[in-house]
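Taking it in order: structure first as structure tokens, then the write-up.
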Amino acid sequence: MSAPAPKVDCEALFRYVLRLGDLSLVLGQRLGEWVGHSPALEEDLGLANIALDLIGQARLLLTYAGELEGRGRDEDKLAYLREQGAYFNAILAEQPNGDFGQTIVRQVLIDAFQLELYERLAASRDERLAAIAAKSVKEVRYHLRYSSDWLVRLGDGTAESHARAQAALDLLWPYTVELFAADDLDRQMADGGIAPQLSEVHCAWSARIDAILCEATLKRPADRPHAWHGKRGQHSEHLGYILAEMQYLQRTYPDARW
Amino acid sequence: MSYVNSGSDEQTKAERAAAARNAAARVATAWQLLASVEDPEIPALSIVDLGLVRFVDVDPDGALEVGLSPTYVGCPATEVIRRSVQDALRPGGVGNFKVTNVLSPAWSSDWISSDGRRKLLEYGIVPPDNSVSNMRDVLRGTRRLACPRCRSLDTETVSEFGSTPCKALHRCRACLEPFEYFKCI
């Protein structure tokens, strides 16, 4: 038998769960911007449904984070009343929608990440996190099915759609580095049996992305070192605008209810 | 639970048996009432047909507890279903009750009853495969579905997401009608 994993304190777990929840929340909010503007009704429904699933994940995760923190913040307080520096999502999620191809590339990159991460989190020593991951991963499979199907259609489509998909991939690829750059918190979670090693997630993600890009006839950009710190609360200029729109009502009319 | 035994053993035994009978009757009534609660998105099916009711129990304090599983984590119907359950149970004579959200194990389309699958098809929605485990649906690949109207196998997928997250949109090339498929999850 292996030695028992070191105990993880509530405060660290709180920050880790926020990271996961914020990734889903910010991406869900971004996808919501497509509602009424998608290229076709089917894509309007598809993107809105994925956004809804992501907001659902965020609700479960932020509720749990609030309980771990124990200072009476619920999902709404955490979503609507935190400032930019207290958001811990990787900054890939907050990058603008761009054209449809850019949205699809961002979605494939994050869907594949969530799929590989959640599959492993389902075996977490933390039962609540395991339950949330096991539930969410079923939905994420359909997100990736949708997004990868579109990436293949765009990449292996016309010269125009191929060029746009490749440009979006080149633009967004550098941000993927942050998803797998393990910091102290990631290592603490892995050592404590709460979360998988990010290197392991990276390997699985990489293989899955290669297969999709191959079918899409797109070229995988080279990895270059970058230091992004969205997971520590240092964001791109885009997050502020997302929060301004998302938080406007609760900040203008505190505790407003339907 | 603290329990003060004030009567004789026989009396206690009789009381316990009566309490158990009473609890069983309440649980049976609750199941009957729940079978009449329609799904807000697919009113042809009850929440029992869909396998959303995980358990009905009476806890030691005498409260009846109903465990409900959400289908999808962001599904807006979850709140509506919860309220419908409360509305159905309140006047129904099951005594005091509470509704609990059950996250684990995660709801699966495998839990839709055979009756539920028949009702789905009659309603015009192709029911999910019988088992998630065959993975036909997972990740890229095609699904061959028979049109629920004309039975033709000449059908195509239009979108992975239909009017709700739980359904995909398909089209029949023979009769040209669109139809939905309840996804395996």
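We name chains A, B, ... following the order of the structure tokens; residues begin at 1 in each chain, and ligands are numbered from 1 as shown.
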*Counting only C-alpha atoms, collect the residues of chain A whose closest atom lies at most 10 Å from chain B, and write them out as a PyMOL selection string.*
chain A and resi 41-60+127-128+130-149+212
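All residues of protein, DNA or RNA that reach within 7 Å of Gly116 (chain B), judged by only C-alpha atoms and not counting those fewer than 6 positions away in the chain, are Leu45, Asp49 and Leu50 of chain B.
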Could you write out that same residue set with N, CA and C atoms as a PDB file, in the first residue's frame?
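What follows is the written file again.pdb:
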```pdb
ATOM      1  N   LEU B  45     -43.750  12.346 -21.391  1.00  0.00           N
ATOM      2  CA  LEU B  45     -43.081  11.468 -20.430  1.00  0.00           C
ATOM      3  C   LEU B  45     -43.168  12.022 -19.013  1.00  0.00           C
ATOM      4  N   ASP B  49     -40.650   7.963 -15.828  1.00  0.00           N
ATOM      5  CA  ASP B  49     -40.261   7.337 -17.100  1.00  0.00           C
ATOM      6  C   ASP B  49     -38.818   7.690 -17.452  1.00  0.00           C
ATOM      7  N   LEU B  50     -38.444   8.947 -17.184  1.00  0.00           N
ATOM      8  CA  LEU B  50     -37.109   9.428 -17.550  1.00  0.00           C
ATOM      9  C   LEU B  50     -36.020   8.970 -16.582  1.00  0.00           C
TER      10      LEU B  50
END
```
_Test item, strand (DSSP E) assignment across chain B, answer as a PyMOL selection string_ = chain B and resi 53-58+64-68+97-101+125-126+155-159+167-172+178-182
*Apply DSSP to the structure's backbone, then extract all residues of region 23-213 of chain A labelled helix (DSSP H, G or I) and return them as a ChimeraX atom specification.*
/A:23-32,41-69,75-80,84-86,91-94,100-121,127-155,159-180,184-191,198-213
_Set the distance at 8 Å and use only C-alpha atoms: which residues neighbour region 169-172 of chain A once local chain neighbours fewer than 5 positions away are removed? I'd like the list as a PyMOL selection string._
chain A and resi 92+102+105-106+220-221
Using C-alpha atoms, can you write the selected residues to a file as an mmCIF file, in the first residue's frame?
```cif
data_model
loop_
_atom_site.group_PDB
_atom_site.id
_atom_site.type_symbol
_atom_site.label_atom_id
_atom_site.label_comp_id
_atom_site.auth_asym_id
_atom_site.auth_seq_id
_atom_site.Cartn_x
_atom_site.Cartn_y
_atom_site.Cartn_z
ATOM 1 C CA LEU A 92 -7.552 31.242 -23.248
ATOM 2 C CA GLN A 102 -11.806 31.335 -33.972
ATOM 3 C CA VAL A 105 -10.697 26.554 -32.387
ATOM 4 C CA ARG A 106 -10.902 27.945 -28.834
ATOM 5 C CA ARG A 220 0.011 22.186 -35.315
ATOM 6 C CA PRO A 221 1.868 25.375 -34.325
#
```
_Atomic distance CA of Cys172 (chain B) - CA of Leu121 (chain B), expressed in Å with one decimal_ = 15.0 Å
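If you look at CA of Lys167 (chain B) and CA of Gln29 (chain A), they are 22.0 Å away from each other.
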*Write out as a ChimeraX atom specification the residues lying within 7 Å of Phe88 (chain A), counting only C-alpha atoms and excluding same-chain residues fewer than 4 positions away.*
/A:18-19,22,230-233
